[in-house]
Every structure is written in structure tokens, then in C-alpha cells.
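**Q** Input structure: structure.cif, which contains mmCIF, C-alpha atoms.
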data_upload
loop_
_atom_site.label_atom_id
_atom_site.label_comp_id
_atom_site.auth_asym_id
_atom_site.auth_seq_id
_atom_site.Cartn_x
_atom_site.Cartn_y
_atom_site.Cartn_z
CA MET A 1 -1.38 31.36 12.94
CA PRO A 2 2.08 29.90 13.75
CA PRO A 3 2.55 28.18 17.10
CA LEU A 4 3.36 30.55 19.93
CA SER A 5 6.88 30.47 21.26
CA PRO A 6 7.35 29.61 24.95
CA PRO A 7 7.32 32.73 27.12
CA ALA A 8 10.70 34.14 28.02
CA SER A 9 9.86 33.66 31.70
CA LEU A 10 9.68 29.87 31.30
CA THR A 11 12.08 28.43 33.84
CA PRO A 12 14.68 25.82 32.84
CA ALA A 13 12.97 23.28 35.07
CA ALA A 14 9.62 23.81 33.36
CA GLY A 15 11.24 23.59 29.94
CA GLY A 16 12.97 20.39 30.99
CA ARG A 17 9.68 18.86 32.08
CA ARG A 18 8.12 19.81 28.73
CA ARG A 19 10.93 18.15 26.80
CA TRP A 20 10.72 15.13 29.12
CA LYS A 21 7.01 14.74 28.35
CA CYS A 22 7.81 14.81 24.65
CA ARG A 23 10.45 12.13 25.10
CA LEU A 24 7.95 9.97 26.98
CA SER A 25 5.45 9.90 24.10
CA PRO A 26 5.01 6.20 23.24
CA THR A 27 3.79 7.11 19.76
CA ILE A 28 6.86 9.23 19.00
CA ALA A 29 9.06 6.43 20.35
CA ARG A 30 7.38 3.89 18.09
CA ASP A 31 7.61 6.22 15.11
CA ARG A 32 11.35 6.54 15.66
CA CYS A 33 11.68 2.76 15.91
CA TYR A 34 9.96 2.31 12.56
CA THR A 35 12.22 4.93 10.99
CA ARG A 36 15.28 3.16 12.40
CA SER A 37 13.97 -0.10 10.92
CA PHE A 38 13.94 1.49 7.48
CA ARG A 39 17.46 2.86 7.89
CA SER A 40 18.75 -0.41 9.35
CA ALA A 41 17.41 -2.25 6.30
CA GLY A 42 19.50 0.05 4.13
CA LEU A 43 16.70 2.26 2.81
CA ARG A 44 17.39 5.97 2.49
CA PRO A 45 14.89 8.84 2.34
CA ALA A 46 14.48 11.23 -0.56
CA ALA A 47 12.18 14.19 -1.24
CA ILE A 48 11.12 14.35 -4.88
CA PRO A 49 9.77 17.76 -6.06
CA LEU A 50 7.19 17.61 -8.85
CA PRO A 51 6.38 20.25 -11.50
CA ASP A 52 3.04 21.21 -9.89
CA GLY A 53 4.71 22.02 -6.56
CA ALA A 54 3.95 18.69 -4.90
CA VAL A 55 6.70 16.94 -2.96
CA VAL A 56 6.71 13.17 -2.60
CA HIS A 57 8.73 11.71 0.26
CA LEU A 58 10.08 8.35 -0.83
CA TRP A 59 12.25 5.68 0.79
CA LEU A 60 14.70 4.21 -1.71
CA PRO A 61 16.05 0.66 -1.59
CA PRO A 62 19.69 -0.18 -0.91
CA PRO A 63 21.85 -1.08 -3.91
CA ALA A 64 22.08 -4.74 -4.81
CA ALA A 65 24.95 -6.54 -3.09
CA ASP A 66 25.81 -8.18 -6.41
CA PRO A 67 25.48 -5.78 -9.40
CA ALA A 68 25.17 -8.83 -11.65
CA LYS A 69 21.96 -9.75 -9.80
CA PRO A 70 19.86 -6.59 -9.59
CA LEU A 71 16.92 -6.53 -7.22
CA TYR A 72 13.43 -6.47 -8.71
CA PRO A 73 11.67 -3.18 -7.88
CA VAL A 74 8.41 -3.24 -5.94
CA LEU A 75 6.42 -0.14 -5.00
CA LEU A 76 4.69 -0.37 -1.60
CA LEU A 77 1.68 1.93 -1.06
CA HIS A 78 0.33 2.40 2.45
CA GLY A 79 -3.28 2.70 3.60
CA PHE A 80 -5.22 5.60 5.04
CA GLY A 81 -4.44 5.05 8.69
CA ALA A 82 -0.69 5.58 8.70
CA GLN A 83 2.36 6.78 6.87
CA ALA A 84 4.73 4.47 5.05
CA THR A 85 7.10 3.58 7.89
CA TRP A 86 4.29 2.41 10.20
CA GLN A 87 2.80 0.06 7.65
CA TRP A 88 5.81 -1.45 5.90
CA ALA A 89 8.64 -1.69 8.45
CA PRO A 90 8.08 -5.42 9.24
CA PHE A 91 8.15 -6.34 5.54
CA LEU A 92 11.46 -4.83 4.48
CA GLY A 93 13.85 -7.57 5.61
CA PRO A 94 11.91 -10.48 4.05
CA LEU A 95 11.31 -8.61 0.80
CA LEU A 96 14.97 -7.65 0.46
CA ALA A 97 16.02 -11.23 1.25
CA ALA A 98 13.72 -12.44 -1.53
CA GLY A 99 15.52 -10.26 -4.07
CA LEU A 100 13.04 -7.39 -4.13
CA ALA A 101 13.92 -3.70 -4.01
CA PRO A 102 11.23 -1.83 -2.04
CA TYR A 103 10.35 1.75 -2.99
CA VAL A 104 8.14 3.13 -0.24
CA PRO A 105 6.50 6.55 -0.66
CA ASP A 106 4.32 8.58 1.64
CA LEU A 107 1.18 9.38 -0.31
CA VAL A 108 0.30 13.06 -0.63
CA PHE A 109 -0.86 14.56 2.71
CA PHE A 110 0.66 11.65 4.63
CA GLY A 111 4.03 11.72 6.31
CA ALA A 112 6.30 14.28 4.65
CA SER A 113 4.50 14.38 1.27
CA SER A 114 2.50 17.46 0.32
CA SER A 115 0.87 19.26 -2.59
CA PRO A 116 -0.63 22.70 -3.30
CA ALA A 117 -3.00 21.17 -5.87
CA ALA A 118 -6.75 21.04 -5.27
CA ASP A 119 -7.13 17.55 -6.76
CA ARG A 120 -7.90 14.95 -4.07
CA SER A 121 -8.61 11.95 -6.30
CA PRO A 122 -6.69 8.65 -6.19
CA VAL A 123 -5.93 9.35 -9.86
CA TYR A 124 -3.91 12.38 -8.77
CA GLN A 125 -2.19 10.37 -6.05
CA ALA A 126 -1.23 7.78 -8.68
CA ALA A 127 0.12 10.48 -10.99
CA CYS A 128 2.26 11.91 -8.17
CA VAL A 129 3.72 8.50 -7.34
CA ALA A 130 4.43 7.73 -11.00
CA ALA A 131 6.08 11.12 -11.50
CA ALA A 132 8.23 10.66 -8.40
CA MET A 133 9.37 7.22 -9.56
CA ALA A 134 10.16 8.53 -13.05
CA ALA A 135 12.19 11.40 -11.60
CA LEU A 136 14.58 9.12 -9.71
CA PRO A 137 18.13 8.73 -11.04
CA GLY A 138 18.29 5.35 -12.72
CA ALA A 139 14.52 5.03 -12.35
CA PRO A 140 13.18 1.49 -12.83
CA GLN A 141 11.28 1.15 -16.09
CA ARG A 142 8.89 -1.51 -14.78
CA TYR A 143 7.92 -2.54 -11.28
CA ALA A 144 5.36 -4.43 -9.27
CA VAL A 145 2.97 -2.50 -7.04
CA VAL A 146 1.47 -3.54 -3.70
CA GLY A 147 -1.33 -1.40 -2.28
CA VAL A 148 -3.01 -1.83 1.09
CA SER A 149 -6.55 -0.46 1.55
CA TYR A 150 -6.48 3.19 0.35
CA GLY A 151 -3.07 2.47 -1.17
CA GLY A 152 -4.83 -0.18 -3.27
CA PHE A 153 -7.08 2.48 -4.81
CA VAL A 154 -3.96 4.43 -5.78
CA ALA A 155 -2.25 1.27 -7.04
CA TYR A 156 -5.25 0.39 -9.22
CA HIS A 157 -5.26 3.79 -10.93
CA LEU A 158 -1.48 3.66 -11.26
CA ALA A 159 -1.81 0.36 -13.12
CA HIS A 160 -4.54 1.79 -15.35
CA ALA A 161 -2.83 5.09 -16.18
CA PHE A 162 0.73 3.75 -16.47
CA PRO A 163 0.50 0.20 -17.87
CA ALA A 164 4.01 0.39 -19.29
CA ALA A 165 5.42 0.89 -15.79
CA VAL A 166 3.27 -1.44 -13.68
CA GLU A 167 4.02 -5.07 -14.41
CA ARG A 168 2.12 -6.86 -11.63
CA LEU A 169 -0.28 -5.78 -8.95
CA VAL A 170 -1.15 -6.93 -5.43
CA LEU A 171 -4.26 -5.39 -3.87
CA VAL A 172 -4.72 -5.98 -0.15
CA ALA A 173 -8.17 -5.24 1.32
CA ALA A 174 -8.64 -2.54 -1.32
CA GLY A 175 -12.33 -1.76 -1.78
CA VAL A 176 -11.94 -0.26 -5.24
CA CYS A 177 -15.28 -1.76 -6.32
CA LEU A 178 -17.31 0.02 -3.66
CA GLU A 179 -20.15 2.32 -4.65
CA GLU A 180 -21.49 5.26 -2.70
CA ALA A 181 -24.86 3.49 -2.72
CA ASP A 182 -23.32 0.70 -0.64
CA LEU A 183 -23.30 3.06 2.37
CA ALA A 184 -27.05 3.53 2.35
CA ALA A 185 -27.55 -0.17 1.55
CA GLY A 186 -25.91 -1.11 4.84
CA LEU A 187 -22.85 -2.90 3.45
CA PHE A 188 -20.53 -0.93 5.75
CA ALA A 189 -20.40 -0.20 9.46
CA VAL A 190 -20.99 3.50 8.67
CA GLU A 191 -24.00 5.12 7.03
CA ASP A 192 -22.45 8.05 5.19
CA ILE A 193 -19.16 9.68 4.21
CA ALA A 194 -19.17 12.03 7.20
CA GLU A 195 -19.34 9.09 9.61
CA ALA A 196 -16.59 7.31 7.67
CA ALA A 197 -14.39 10.40 7.95
CA SER A 198 -14.91 10.68 11.71
CA LEU A 199 -13.98 7.01 12.02
CA LEU A 200 -10.92 7.01 9.76
CA LEU A 201 -9.69 10.36 11.08
CA PRO A 202 -10.31 9.81 14.80
CA GLN A 203 -10.09 12.89 16.99
CA ARG A 204 -11.57 11.32 20.13
CA PRO A 205 -10.55 8.19 22.05
CA GLU A 206 -13.97 6.59 21.48
CA ASP A 207 -13.56 7.01 17.71
CA LEU A 208 -10.16 5.34 17.72
CA ARG A 209 -11.44 2.48 19.90
CA ARG A 210 -14.27 1.91 17.44
CA LEU A 211 -11.85 1.98 14.51
CA VAL A 212 -9.58 -0.60 16.14
CA GLY A 213 -12.60 -2.78 16.89
CA LEU A 214 -13.64 -2.73 13.23
CA THR A 215 -10.15 -3.08 11.79
CA PHE A 216 -8.89 -6.10 13.70
CA CYS A 217 -10.37 -9.57 13.82
CA ARG A 218 -9.21 -9.84 17.43
CA PRO A 219 -8.85 -6.26 18.64
CA GLN A 220 -6.71 -5.45 21.64
CA ARG A 221 -8.94 -5.38 24.70
CA PHE A 222 -6.94 -3.11 26.95
CA MET A 223 -6.19 0.30 25.42
CA PRO A 224 -5.26 2.92 28.04
CA SER A 225 -6.79 6.31 27.29
CA CYS A 226 -3.45 8.04 27.81
CA PHE A 227 -1.90 6.00 24.98
CA ILE A 228 -4.90 6.61 22.73
CA ARG A 229 -4.79 10.37 23.27
CA ASP A 230 -1.05 10.37 22.62
CA TYR A 231 -1.54 8.47 19.35
CA ILE A 232 -4.28 10.86 18.20
CA ARG A 233 -2.14 13.89 19.09
CA VAL A 234 0.90 12.63 17.18
CA MET A 235 -0.65 10.75 14.24
CA CYS A 236 -4.16 12.08 13.65
CA THR A 237 -4.03 15.87 13.83
CA GLU A 238 -2.06 16.83 10.69
CA ASN A 239 -3.73 17.53 7.33
CA VAL A 240 -7.13 16.51 8.71
CA LYS A 241 -8.99 18.78 6.29
CA GLU A 242 -7.07 17.47 3.28
CA LYS A 243 -7.49 13.85 4.33
CA ARG A 244 -11.22 14.34 4.82
CA GLU A 245 -11.33 15.72 1.28
CA LEU A 246 -9.47 12.63 0.08
CA LEU A 247 -12.24 10.47 1.53
CA TYR A 248 -15.00 12.52 -0.06
CA ALA A 249 -13.24 12.38 -3.43
CA LEU A 250 -12.86 8.62 -3.03
CA ILE A 251 -16.50 7.82 -2.22
CA ASN A 252 -18.73 10.67 -3.38
CA GLY A 253 -20.69 9.60 -6.47
CA ARG A 254 -18.60 6.42 -6.89
CA LYS A 255 -20.07 3.76 -9.21
CA LEU A 256 -18.65 0.41 -10.23
CA SER A 257 -19.66 1.09 -13.83
CA ASP A 258 -17.14 3.97 -13.89
CA LEU A 259 -14.21 1.81 -12.73
CA PRO A 260 -11.89 1.01 -15.66
CA LYS A 261 -10.52 -2.46 -16.09
CA ILE A 262 -6.82 -3.15 -15.88
CA ASN A 263 -4.89 -5.81 -17.78
CA GLN A 264 -2.05 -6.59 -15.38
CA GLN A 265 -1.99 -9.89 -13.53
CA THR A 266 -3.47 -9.03 -10.14
CA LEU A 267 -3.44 -10.79 -6.81
CA ILE A 268 -6.34 -9.83 -4.52
CA ILE A 269 -5.85 -10.55 -0.82
CA TRP A 270 -8.71 -10.16 1.65
CA GLY A 271 -9.32 -10.83 5.32
CA GLU A 272 -12.31 -13.11 5.77
CA GLN A 273 -13.51 -11.04 8.76
CA ASP A 274 -12.92 -7.60 7.21
CA ARG A 275 -15.56 -5.18 8.55
CA VAL A 276 -14.11 -2.01 7.02
CA PHE A 277 -14.25 -3.29 3.42
CA PRO A 278 -16.39 -6.44 3.64
CA LEU A 279 -15.40 -9.53 1.66
CA GLU A 280 -18.21 -8.84 -0.81
CA LEU A 281 -15.98 -6.11 -2.26
CA GLY A 282 -13.18 -8.61 -2.83
CA LEU A 283 -15.57 -10.96 -4.62
CA ARG A 284 -16.88 -8.02 -6.64
CA LEU A 285 -13.32 -7.07 -7.66
CA LYS A 286 -12.56 -10.64 -8.72
CA ARG A 287 -15.64 -10.63 -10.96
CA HIS A 288 -14.69 -7.22 -12.35
CA LEU A 289 -11.16 -8.28 -13.32
CA GLY A 290 -11.95 -11.85 -14.35
CA ASP A 291 -9.23 -14.24 -15.49
CA THR A 292 -6.33 -11.84 -14.94
CA SER A 293 -6.93 -11.92 -11.19
CA GLU A 294 -6.64 -14.33 -8.31
CA LEU A 295 -8.42 -13.94 -4.98
CA ILE A 296 -6.93 -15.24 -1.75
CA ILE A 297 -9.06 -15.06 1.39
CA VAL A 298 -7.12 -15.09 4.64
CA LYS A 299 -8.96 -16.71 7.51
CA ASN A 300 -8.92 -15.26 11.01
CA ALA A 301 -7.98 -11.83 9.69
CA GLY A 302 -9.80 -8.53 9.49
CA HIS A 303 -9.01 -5.39 7.53
CA ALA A 304 -5.58 -4.98 9.13
CA ILE A 305 -4.08 -8.07 7.52
CA ASN A 306 -0.66 -6.43 7.49
CA ARG A 307 -0.81 -6.21 11.31
CA GLU A 308 -2.60 -9.46 12.12
CA LYS A 309 -0.98 -11.77 9.55
CA PRO A 310 2.27 -10.05 8.49
CA ALA A 311 4.21 -13.27 7.84
CA GLU A 312 1.42 -14.78 5.75
CA LEU A 313 0.90 -11.57 3.80
CA CYS A 314 4.61 -11.17 3.17
CA ARG A 315 4.85 -14.76 1.95
CA LEU A 316 1.98 -14.25 -0.48
CA ILE A 317 3.47 -11.03 -1.84
CA LYS A 318 6.92 -12.57 -2.30
CA HIS A 319 5.57 -15.71 -3.99
CA TYR A 320 3.43 -13.75 -6.41
CA ILE A 321 6.03 -11.17 -7.42
CA VAL A 322 9.23 -13.23 -7.36
CA ASP A 323 7.81 -16.16 -9.35
CA PRO A 324 6.54 -14.76 -12.67
CA SER A 325 5.30 -18.22 -13.70
CA VAL A 326 2.44 -18.02 -11.18
CA LYS A 327 -0.84 -18.21 -13.05
CA CYS A 328 -4.12 -16.80 -11.85
CA ARG A 329 -6.91 -19.27 -11.23
CA ASP A 330 -10.66 -18.90 -11.24
CA ASP A 331 -11.17 -20.57 -7.88
CA ARG A 332 -10.91 -18.82 -4.55
CA LYS A 333 -8.12 -19.82 -2.21
CA VAL A 334 -8.51 -19.75 1.54
CA HIS A 335 -5.33 -19.56 3.62
CA ASN A 336 -5.38 -20.23 7.35
#
Let me see the structure of the file written as C-alpha cells.
**A**
Amino acid sequence: MPPLSPPASLTPAAGGRRRWKCRLSPTIARDRCYTRSFRSAGLRPAAIPLPDGAVVHLWLPPPAADPAKPLYPVLLLHGFGAQATWQWAPFLGPLLAAGLAPYVPDLVFFGASSSPAADRSPVYQAACVAAAMAALPGAPQRYAVVGVSYGGFVAYHLAHAFPAAVERLVLVAAGVCLEEADLAAGLFAVEDIAEAASLLLPQRPEDLRRLVGLTFCRPQRFMPSCFIRDYIRVMCTENVKEKRELLYALINGRKLSDLPKINQQTLIIWGEQDRVFPLELGLRLKRHLGDTSELIIVKNAGHAINREKPAELCRLIKHYIVDPSVKCRDDRKVHN
């Protein structure tokens, strides 16, 4: 049922108070700041319709200042907890300065992206992203891909399904090697998919507090309930059913033996204190990929590396993508 319109008897004063409350939302204010950051960096939004009825919202990079020195395209895929602007705003300036051209989509059912399809798999998400990139005027033929957490699952399948397009890969805290059996084995802080869904799609302040506590190495101690409720209202109430289905499709029946191998050079970045996707999954992924991969473990960081160590993460991404001579090594690296 569509939202009810305000009654005709609503007085101007009452309407003014309602609009004032909307303007006072700290979450809406922050969302607008992130959007302004994208626009200030020169990125521009586009909505790409796909043949199956899906629409992918995508931020496009600014043109190169010097046409003789084109920027190298990099696709940035966000995680489950936020849309693209919230996760990537702090990275745009440094990436552009390093000669990279960021393409930043909202994955399907996040932000302004949508689909009528019933498929909820990361394979479908990857196909939507690839189709959106291919549909762009002057579409880049090859690009690097960076995926954080859930975005890393999508990035992995993008690299597998479209090897001609994906040149290099960076996977940040992406538990692609998890198995459903790991839940019952106690590897995670949750015991089943339903509990994971209630945690990753928080509808109550206590759920969001628990999520923050698990996500950050040093979680914020003081979190006023009014701010938490505002965040849940603005960021956590859209497409809840579809996002829950995404989680079930991601985990239900998942086995490492079913995960295909990819051939692209891959940088794996993991927070040493990650309690959402424990470090064991990063070690497992390194073993799965072998010599084509390099694992970097970031000390004093949890799952939200992009929030806790943005400068370090950005430096690692730039170094790996900009310098194609970087070779993967068998040893683990630990960065403070």
C-alpha cells in the first residue's frame, strides 16, 4: 500500500515541524555529505537499464585532465552494510590523484539499483555489474576490481565469469571461502543464517550496537539511541526482504569445493581482528588461489578496514593497481 498523504487538516506549523525533523536527521545529513563528496570529486551519476529490467545506478569518473594520459579504470564494489557513497567517498581523491578512474556502482537492491529478477546470487550481481559497465559509452575494455566484504564475493565471480574484462583484483575482508558448515562449527559470531541476517540487517538498536561491536576493532563506546534509531530508519528499512534473500543465497549450501578458481593476480587484504569474517577465511582464500595471490594482514583492524584504516587501505590499493610490476609472494605480510 502506498504511503498515506498528510491529512488536509494538517496545519502549516505542524507541516513545518515535520519538515524540520527531516532536516535534522543526522543520517540524511551524512548521506548528503557523501553524495557531495562524489560530485566534488568530479564523479557523475548514471542509471543503466539492463535487458532483464534491472537498473544499475553507477557513479562515473571525471574525464582525464590530459587526454594523452588516460586514467586507468577501477571498479569499486561496496559491502553489505551500505551503499556506494557511504563506503567509497574517502577514497575518491587519492585514487584520482594516483591516475585511477573510479567506477562506483550500487549493487542490486542497494542505493538506487533494482531488479525484477528472482536471482539473488552473487553471480547475478556480477552479471549486472558487467552488463552495466559494457553498456557505458566508451566502456573500458579492461579494468581492475576492488571488492569489500560482500562486494568481494561479487568481484570474485566477476573475475571468474568475465576474465577478459577483469585485469586485477583486490579483495578486502571478503569471506568467499566460507562454508555453511562453518556456522555450526563456531567459526563465526552467529550460529545460523537467520541470526546473520538479523545482525547484518539490524532493525533494533541492540542489533546495530552488536554489529558495530563485531565490525570494528575499537568500536565507538558512546552511541546515542536517537542516532541509532535514525540510522536504522534511513539506511536499514529498504529492500529488507530482498537483502535477506541475498544473504541466504550467499551462504545456504555453500561449499569451498564448489568455488571456482580465478587466474587474475589478486591482492587479499584482511583485518587481523576481523570477527565478522575471521582471518582463517583469508588464509583459506590464499591457499585456494595459490601463487597468483598475495595476502596482507592489517594489524589493529577489524572487518571495517575501510573505516578504521582508510589511508592504509587506499595506499595498498593504489600500489597494487598502479604498479603492474608488483609480483605476488608466498609469504604473508603484516602491516601496522
**Q** Take the PyMOL selection byres ((chain A and resi 150) around 10), apply it to the structure above, and return the hits as a tab-separated table (two decimals) with C-alpha atoms, keeping the file's coordinate frame.
**A**
chain	number	residue	atom	x	y	z
A	77	LEU	CA	1.68	1.93	-1.06
A	78	HIS	CA	0.33	2.40	2.45
A	79	GLY	CA	-3.28	2.70	3.60
A	80	PHE	CA	-5.22	5.60	5.04
A	81	GLY	CA	-4.44	5.05	8.69
A	107	LEU	CA	1.18	9.38	-0.31
A	122	PRO	CA	-6.69	8.65	-6.19
A	147	GLY	CA	-1.33	-1.40	-2.28
A	148	VAL	CA	-3.01	-1.83	1.09
A	149	SER	CA	-6.55	-0.46	1.55
A	151	GLY	CA	-3.07	2.47	-1.17
A	152	GLY	CA	-4.83	-0.18	-3.27
A	153	PHE	CA	-7.08	2.48	-4.81
A	154	VAL	CA	-3.96	4.43	-5.78
A	155	ALA	CA	-2.25	1.27	-7.04
A	171	LEU	CA	-4.26	-5.39	-3.87
A	172	VAL	CA	-4.72	-5.98	-0.15
A	173	ALA	CA	-8.17	-5.24	1.32
A	174	ALA	CA	-8.64	-2.54	-1.32
A	175	GLY	CA	-12.33	-1.76	-1.78
A	176	VAL	CA	-11.94	-0.26	-5.24
A	246	LEU	CA	-9.47	12.63	0.08
A	247	LEU	CA	-12.24	10.47	1.53
A	250	LEU	CA	-12.86	8.62	-3.03
**Q** Evaluating the PyMOL selection byres ((chain A and resi 198-215) around 6) on the displayed file yields which residues, as a ChimeraX atom specification?
**A** /A:195-197,216,219,228,275,302-304
**Q** At a cut-off of 9 Å, using all atoms listed in the file, what residues contact A:Leu60? Leave out same-chain residues fewer than 6 positions from it and give the result as a PyMOL selection string.
**A** chain A and resi 42-46+101-105
**Q** From the list A:Ala134, A:Met223, A:Ala189, A:Leu295, which residue is nearest A:Gly271 when using all atoms listed in the file?
**A**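 Among the listed residues, the smallest separation from A:Gly271 belongs to A:Leu295.
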**Q** Since I can't run it myself right now, could you work out what the PyMOL selection byres ((chain A and resi 157) around 9) selects here and report it as a ChimeraX atom specification?
**A** /A:122-127,152-156,158-162,260,262
**Q** In terms of the shortest atom-to-atom distance over all atoms listed in the file, which of A:Val145, A:Leu187, A:Ile28, A:Cys226 is closest to A:Tyr320?
**A** A:Val145
**Q** Of the candidates A:Ala311, A:Val322, A:Ala185, A:Ile305, which shows the shortest atom-to-atom distance to A:Leu96, using only C-alpha atoms?
**A**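 Among A:Ala311, A:Val322, A:Ala185, A:Ile305, it is A:Val322 that comes nearest to A:Leu96.
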**Q** What gap, in Å, lies between atom CA of A:Asn263 and atom CA of A:Glu280?
**A**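 For atom CA of A:Asn263 relative to atom CA of A:Glu280, the distance reads 21.8 Å.
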**Q** Find the residues near A:Asn252: any atom within 8 Å, counting all atoms listed in the file, skip ones fewer than 2 places away on the same chain, and give them as a PyMOL selection string.
**A** chain A and resi 180+193+248-250+254
**Q** In Å, how far is it from atom CA of A:Thr85 to atom CA of A:Thr35?
**A**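 It comes out at 6.1 Å.
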**Q** Counting all atoms listed in the file, which residue out of A:Trp59, A:Tyr34, A:Tyr143, A:Tyr72 sits closest to A:Ala89?
**A**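 Between A:Trp59, A:Tyr34, A:Tyr143, A:Tyr72, the residue approaching A:Ala89 most closely is A:Tyr34.
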**Q** Excluding A:Gln273 and any residue of its chain fewer than 3 positions from it, enumerate the residues within 7 Å of it, using all atoms listed in the file, and give them as a ChimeraX atom specification.
**A** /A:217,300-302
**Q** For A:Leu95, which of A:Leu169, A:Val74, A:Ala118, A:Ile251 is the closest residue, counting all atoms listed in the file?
**A**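 Closest to A:Leu95 of all the choices is A:Val74.
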**Q** In Å, rounded to a single decimal, give me how far atom CA of A:Ile317 is from atom CA of A:Gln83.
**A** 19.9 Å
**Q** Nearest to A:Glu167 among A:Gly53, A:Pro224, A:Pro94, A:Pro73, with distances taken over all atoms listed in the file: which residue is it?
**A** A:Pro73
**Q** Excluding stretch 49-51 of chain A and residues on its chain fewer than 6 positions from it, collect all residues at most 8 Å away from it, counting all atoms listed in the file, and give them as a ChimeraX atom specification.
**A** /A:128,131-132
**Q** Can those selected residues be exported to a file as a CSV table (one decimal), in the coordinates of the input so that it contains C-alpha atoms?
**A**
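Saved as out28.csv:
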chain,number,residue,atom,x,y,z
A,128,CYS,CA,2.3,11.9,-8.2
A,131,ALA,CA,6.1,11.1,-11.5
A,132,ALA,CA,8.2,10.7,-8.4
**Q** Using only C-alpha atoms, determine which residues lie at most 12 Å from A:Asp31, disregarding the query and same-chain residues fewer than 6 positions distant; provide the list as number ranges by chain.
**A** A: 23, 25, 37-38, 82-87, 89, 111, 231, 234-235
